[in-house]
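Down below is the structure, laid out as structure tokens.
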Amino acid sequence: QNSQRAQQGQPPGSRKEMIAHYRGEATMARGRCGVGARTMSATAPSFRRRGNLGKTRTLTRMAVNKVMISGAPASGKGTQCEMLSVNYDLTHISAGDLLRAEVSTGSANGLKAKEFMDAGKLVPNEIVVTMIKDRLAQPDAAAGWLLDGYPRSKDQADALEEANIRPEVFLLLEVPESILVERVVGRRLDPETGKIYHLKYAPPESEEVEARLIQRSDDTEEKVVPRLETHNKNVAAILDSYSDILVRIDGDQHKDKVYQDIQKALESLSVSA
């Protein structure tokens, strides 16, 4: 049936079929998808919102509005999350940031989590999942959400399932480990401005700035390799839970090209919804 639809120039019918179709087309699509960061899908309704500076920006409304994203340290996940949350009006939820915020404000969940943290123990899944569930219940998440870097284990994935928290697509940014190590080891911090540079990809503007740059203690090969090993184990543990909605994205590209591939995947899924 899908082959007949393809001959007629139509996309696969169901969302799962669309994901499978996209997996097969992703490699060929890279380098030729002419979708700009602000281009609207013909099938995805959009609306206009006035920003803080009085400028009007156009946002895409998608049928797919529950997204999980995973990527190793230095994979560019943070950049993609920022672009997606802005352009698709998705509420960006980082479990780590959420946990720290709850503890800082002294909420009921935060106080429970703090007891375990102060004792040097891992915060139980039920507490973190409750935080996420409460956050998703807030009005700004009604239009859609982007869950960043969570779950990290099969137990956490199962806990989310039990709480009826399931994405419609799971994005996995893939970057070769050698590139990730190079990205991390080459990072430098300007202690005066807090700006992050990279000796190869984003060098400082002047010799004066370069002279005062420092390398953070965790931006070394000795530190990053174990972090990457942990990430790989975490991803391997949860992929079975999301295999039917998994979309792999080549993260070893310019950030705009990575975003275009993500956008193509999301809007293709919107067509089939």
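Chain labels run A, B, ... following the order of the structure tokens; each chain numbers its residues from 1, and ligands are numbered from 1 in the order shown.
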I'd like the contact shell of stretch 96-112 of chain A - 10 Å cut-off, only C-alpha atoms, skipping same-chain residues fewer than 4 positions apart - returned as a PDB file with N, CA and C atoms, in the first residue's frame.
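around32.pdb written:
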ATOM      1  N   PHE A 116      17.105  13.405  49.359  1.00  0.00           N
ATOM      2  CA  PHE A 116      17.928  12.368  48.737  1.00  0.00           C
ATOM      3  C   PHE A 116      19.265  12.949  48.264  1.00  0.00           C
ATOM      4  N   MET A 117      19.220  14.147  47.702  1.00  0.00           N
ATOM      5  CA  MET A 117      20.442  14.766  47.207  1.00  0.00           C
ATOM      6  C   MET A 117      21.410  15.046  48.351  1.00  0.00           C
ATOM      7  N   VAL A 123      17.819  10.768  43.155  1.00  0.00           N
ATOM      8  CA  VAL A 123      16.418  11.116  43.372  1.00  0.00           C
ATOM      9  C   VAL A 123      15.541  10.038  42.729  1.00  0.00           C
ATOM     10  N   PRO A 124      14.614   9.455  43.460  1.00  0.00           N
ATOM     11  CA  PRO A 124      13.770   8.380  42.912  1.00  0.00           C
ATOM     12  C   PRO A 124      13.005   8.819  41.671  1.00  0.00           C
ATOM     13  N   ILE A 127       9.659  10.791  41.992  1.00  0.00           N
ATOM     14  CA  ILE A 127       9.714  12.223  42.307  1.00  0.00           C
ATOM     15  C   ILE A 127       9.976  13.037  41.042  1.00  0.00           C
ATOM     16  N   VAL A 128      10.942  12.589  40.245  1.00  0.00           N
ATOM     17  CA  VAL A 128      11.269  13.317  39.013  1.00  0.00           C
ATOM     18  C   VAL A 128      10.087  13.274  38.047  1.00  0.00           C
ATOM     19  N   THR A 130       6.962  12.946  38.763  1.00  0.00           N
ATOM     20  CA  THR A 130       5.914  13.826  39.291  1.00  0.00           C
ATOM     21  C   THR A 130       6.213  15.272  38.939  1.00  0.00           C
ATOM     22  N   MET A 131       7.478  15.677  39.047  1.00  0.00           N
ATOM     23  CA  MET A 131       7.868  17.043  38.663  1.00  0.00           C
ATOM     24  C   MET A 131       7.559  17.292  37.187  1.00  0.00           C
ATOM     25  N   ILE A 132       7.930  16.339  36.351  1.00  0.00           N
ATOM     26  CA  ILE A 132       7.696  16.489  34.915  1.00  0.00           C
ATOM     27  C   ILE A 132       6.197  16.529  34.619  1.00  0.00           C
ATOM     28  N   ASP A 134       3.757  17.453  36.610  1.00  0.00           N
ATOM     29  CA  ASP A 134       3.222  18.736  37.071  1.00  0.00           C
ATOM     30  C   ASP A 134       3.594  19.857  36.111  1.00  0.00           C
ATOM     31  N   ARG A 135       4.825  19.790  35.600  1.00  0.00           N
ATOM     32  CA  ARG A 135       5.272  20.838  34.662  1.00  0.00           C
ATOM     33  C   ARG A 135       4.473  20.771  33.360  1.00  0.00           C
ATOM     34  N   ASP A 148      13.877  17.195  27.193  1.00  0.00           N
ATOM     35  CA  ASP A 148      15.298  17.212  26.839  1.00  0.00           C
ATOM     36  C   ASP A 148      16.114  16.327  27.786  1.00  0.00           C
ATOM     37  N   GLY A 149      16.735  15.268  27.216  1.00  0.00           N
ATOM     38  CA  GLY A 149      17.676  14.468  27.972  1.00  0.00           C
ATOM     39  C   GLY A 149      17.080  13.564  29.029  1.00  0.00           C
ATOM     40  N   TYR A 150      15.821  13.265  28.931  1.00  0.00           N
ATOM     41  CA  TYR A 150      15.152  12.377  29.887  1.00  0.00           C
ATOM     42  C   TYR A 150      14.073  11.618  29.144  1.00  0.00           C
TER      43      TYR A 150
END
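In this model, the gap between atom CA of A:Val258 and atom CA of A:Glu177 comes to 17.1 Å.
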- [ ] Return as a PyMOL selection string the full set of residues in stretch 126-164 of chain A whose backbone-based DSSP assignment is alpha helix (DSSP H).
- [x] chain A and resi 126-136+154-162
Open item on the list: Just the number, please: distance in Å from atom CA of A:Ile196 to atom CA of A:Val209, one decimal.
Closed with: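 About the pair atom CA of A:Ile196 and atom CA of A:Val209: they are 11.4 Å apart.
The environment of A:Glu161 within 12 Å, counting only C-alpha atoms and disregarding residues fewer than 4 places along the same chain, consists of Asn125, Glu126, Val129, Lys133, Pro151, Lys154, Asp155, Gln156, Ala157, Ile165, Arg166, Pro167, Ile238, Ser241 and Tyr242 of chain A.
Atom to atom, atom CA of A:Glu221 and atom CA of A:Gly76 stand 17.8 Å apart.
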TODO: May I have all residues of stretch 28-208 of chain A that DSSP, computed from the backbone, assigns to strand (DSSP E), given as a PyMOL selection string?
DONE: chain A and resi 46-50+56-60+66-71+91-94+145-148+169-174+187-189+196-198
Please write the residues from the selection above to a file, keeping N, CA, C and O atoms, as a tab-separated table (two decimals), in the first residue's frame.
chain	number	residue	atom	x	y	z
A	46	SER	N	-0.21	27.76	11.00
A	46	SER	CA	0.73	28.63	11.72
A	46	SER	C	-0.01	29.86	12.22
A	46	SER	O	-1.13	30.15	11.81
A	47	PHE	N	0.62	30.57	13.15
A	47	PHE	CA	0.06	31.80	13.63
A	47	PHE	C	1.20	32.74	13.94
A	47	PHE	O	2.36	32.35	13.96
A	48	ARG	N	0.88	33.99	14.16
A	48	ARG	CA	1.92	34.99	14.37
A	48	ARG	C	1.85	35.52	15.79
A	48	ARG	O	0.78	35.72	16.33
A	49	ARG	N	3.01	35.70	16.39
A	49	ARG	CA	3.08	36.18	17.76
A	49	ARG	C	4.05	37.35	17.82
A	49	ARG	O	5.10	37.33	17.20
A	50	ARG	N	3.69	38.36	18.60
A	50	ARG	CA	4.56	39.52	18.74
A	50	ARG	C	5.55	39.28	19.86
A	50	ARG	O	5.18	38.96	20.98
A	56	THR	N	7.22	40.65	14.99
A	56	THR	CA	6.30	39.55	14.83
A	56	THR	C	7.04	38.36	14.27
A	56	THR	O	7.76	38.47	13.30
A	57	ARG	N	6.87	37.20	14.92
A	57	ARG	CA	7.50	35.99	14.42
A	57	ARG	C	6.41	34.96	14.13
A	57	ARG	O	5.37	34.93	14.80
A	58	THR	N	6.64	34.14	13.13
A	58	THR	CA	5.67	33.14	12.73
A	58	THR	C	6.04	31.80	13.33
A	58	THR	O	7.17	31.36	13.22
A	59	LEU	N	5.08	31.15	13.97
A	59	LEU	CA	5.30	29.87	14.60
A	59	LEU	C	4.51	28.80	13.86
A	59	LEU	O	3.44	29.06	13.32
A	60	THR	N	5.06	27.59	13.83
A	60	THR	CA	4.38	26.48	13.20
A	60	THR	C	3.58	25.70	14.22
A	60	THR	O	4.08	25.38	15.28
A	66	LYS	N	4.50	16.51	20.85
A	66	LYS	CA	5.10	15.90	22.03
A	66	LYS	C	6.41	15.26	21.58
A	66	LYS	O	6.41	14.22	20.93
A	67	VAL	N	7.52	15.92	21.91
A	67	VAL	CA	8.81	15.54	21.36
A	67	VAL	C	9.82	15.26	22.47
A	67	VAL	O	9.91	16.00	23.44
A	68	MET	N	10.57	14.17	22.33
A	68	MET	CA	11.73	13.91	23.17
A	68	MET	C	12.98	14.04	22.31
A	68	MET	O	12.97	13.67	21.13
A	69	ILE	N	14.07	14.53	22.91
A	69	ILE	CA	15.32	14.66	22.18
A	69	ILE	C	16.46	14.19	23.07
A	69	ILE	O	16.48	14.45	24.27
A	70	SER	N	17.39	13.46	22.46
A	70	SER	CA	18.55	12.96	23.18
A	70	SER	C	19.80	13.20	22.34
A	70	SER	O	19.76	13.10	21.11
A	71	GLY	N	20.87	13.51	23.03
A	71	GLY	CA	22.14	13.74	22.34
A	71	GLY	C	23.27	13.77	23.36
A	71	GLY	O	23.07	14.17	24.51
A	91	THR	N	7.24	23.94	24.69
A	91	THR	CA	7.79	24.25	26.01
A	91	THR	C	8.98	23.33	26.27
A	91	THR	O	8.83	22.11	26.32
A	92	HIS	N	10.16	23.92	26.40
A	92	HIS	CA	11.39	23.16	26.60
A	92	HIS	C	11.52	22.76	28.06
A	92	HIS	O	11.55	23.61	28.95
A	93	ILE	N	11.60	21.47	28.31
A	93	ILE	CA	11.69	20.96	29.67
A	93	ILE	C	12.93	20.09	29.81
A	93	ILE	O	13.03	19.02	29.20
A	94	SER	N	13.90	20.58	30.56
A	94	SER	CA	15.09	19.82	30.90
A	94	SER	C	14.90	19.27	32.30
A	94	SER	O	14.71	20.05	33.25
A	145	TRP	N	5.30	20.14	23.95
A	145	TRP	CA	6.47	20.13	24.82
A	145	TRP	C	7.64	19.42	24.17
A	145	TRP	O	7.49	18.59	23.26
A	146	LEU	N	8.82	19.79	24.65
A	146	LEU	CA	10.08	19.22	24.18
A	146	LEU	C	10.85	18.76	25.42
A	146	LEU	O	11.40	19.57	26.17
A	147	LEU	N	10.87	17.46	25.65
A	147	LEU	CA	11.53	16.90	26.83
A	147	LEU	C	12.97	16.58	26.48
A	147	LEU	O	13.24	15.77	25.58
A	148	ASP	N	13.88	17.19	27.19
A	148	ASP	CA	15.30	17.21	26.84
A	148	ASP	C	16.11	16.33	27.79
A	148	ASP	O	16.19	16.58	28.98
A	169	VAL	N	7.36	11.54	18.90
A	169	VAL	CA	8.59	11.29	18.15
A	169	VAL	C	9.77	11.41	19.11
A	169	VAL	O	9.75	12.23	20.04
A	170	PHE	N	10.76	10.55	18.92
A	170	PHE	CA	11.98	10.56	19.73
A	170	PHE	C	13.14	10.88	18.80
A	170	PHE	O	13.48	10.08	17.92
A	171	LEU	N	13.73	12.06	18.97
A	171	LEU	CA	14.85	12.50	18.13
A	171	LEU	C	16.16	12.14	18.79
A	171	LEU	O	16.39	12.44	19.97
A	172	LEU	N	17.04	11.50	18.04
A	172	LEU	CA	18.36	11.12	18.55
A	172	LEU	C	19.43	11.78	17.68
A	172	LEU	O	19.56	11.46	16.49
A	173	LEU	N	20.17	12.72	18.26
A	173	LEU	CA	21.27	13.37	17.55
A	173	LEU	C	22.50	12.47	17.61
A	173	LEU	O	22.96	12.11	18.70
A	174	GLU	N	23.01	12.10	16.46
A	174	GLU	CA	24.16	11.20	16.40
A	174	GLU	C	25.39	11.92	15.86
A	174	GLU	O	25.35	12.51	14.76
A	187	ARG	N	36.98	23.59	23.58
A	187	ARG	CA	36.22	24.69	24.15
A	187	ARG	C	37.06	25.50	25.13
A	187	ARG	O	37.86	24.94	25.89
A	188	ARG	N	36.85	26.81	25.12
A	188	ARG	CA	37.54	27.70	26.04
A	188	ARG	C	36.54	28.72	26.58
A	188	ARG	O	35.61	29.14	25.89
A	189	LEU	N	36.76	29.13	27.82
A	189	LEU	CA	35.88	30.07	28.51
A	189	LEU	C	36.59	31.40	28.73
A	189	LEU	O	37.74	31.43	29.16
A	196	ILE	N	31.66	31.42	25.65
A	196	ILE	CA	32.35	30.18	25.30
A	196	ILE	C	32.88	30.28	23.86
A	196	ILE	O	32.14	30.65	22.95
A	197	TYR	N	34.15	29.96	23.70
A	197	TYR	CA	34.76	29.92	22.36
A	197	TYR	C	35.20	28.49	22.06
A	197	TYR	O	35.20	27.62	22.94
A	198	HIS	N	35.59	28.29	20.82
A	198	HIS	CA	36.22	27.03	20.43
A	198	HIS	C	37.44	27.37	19.58
A	198	HIS	O	37.35	28.19	18.67
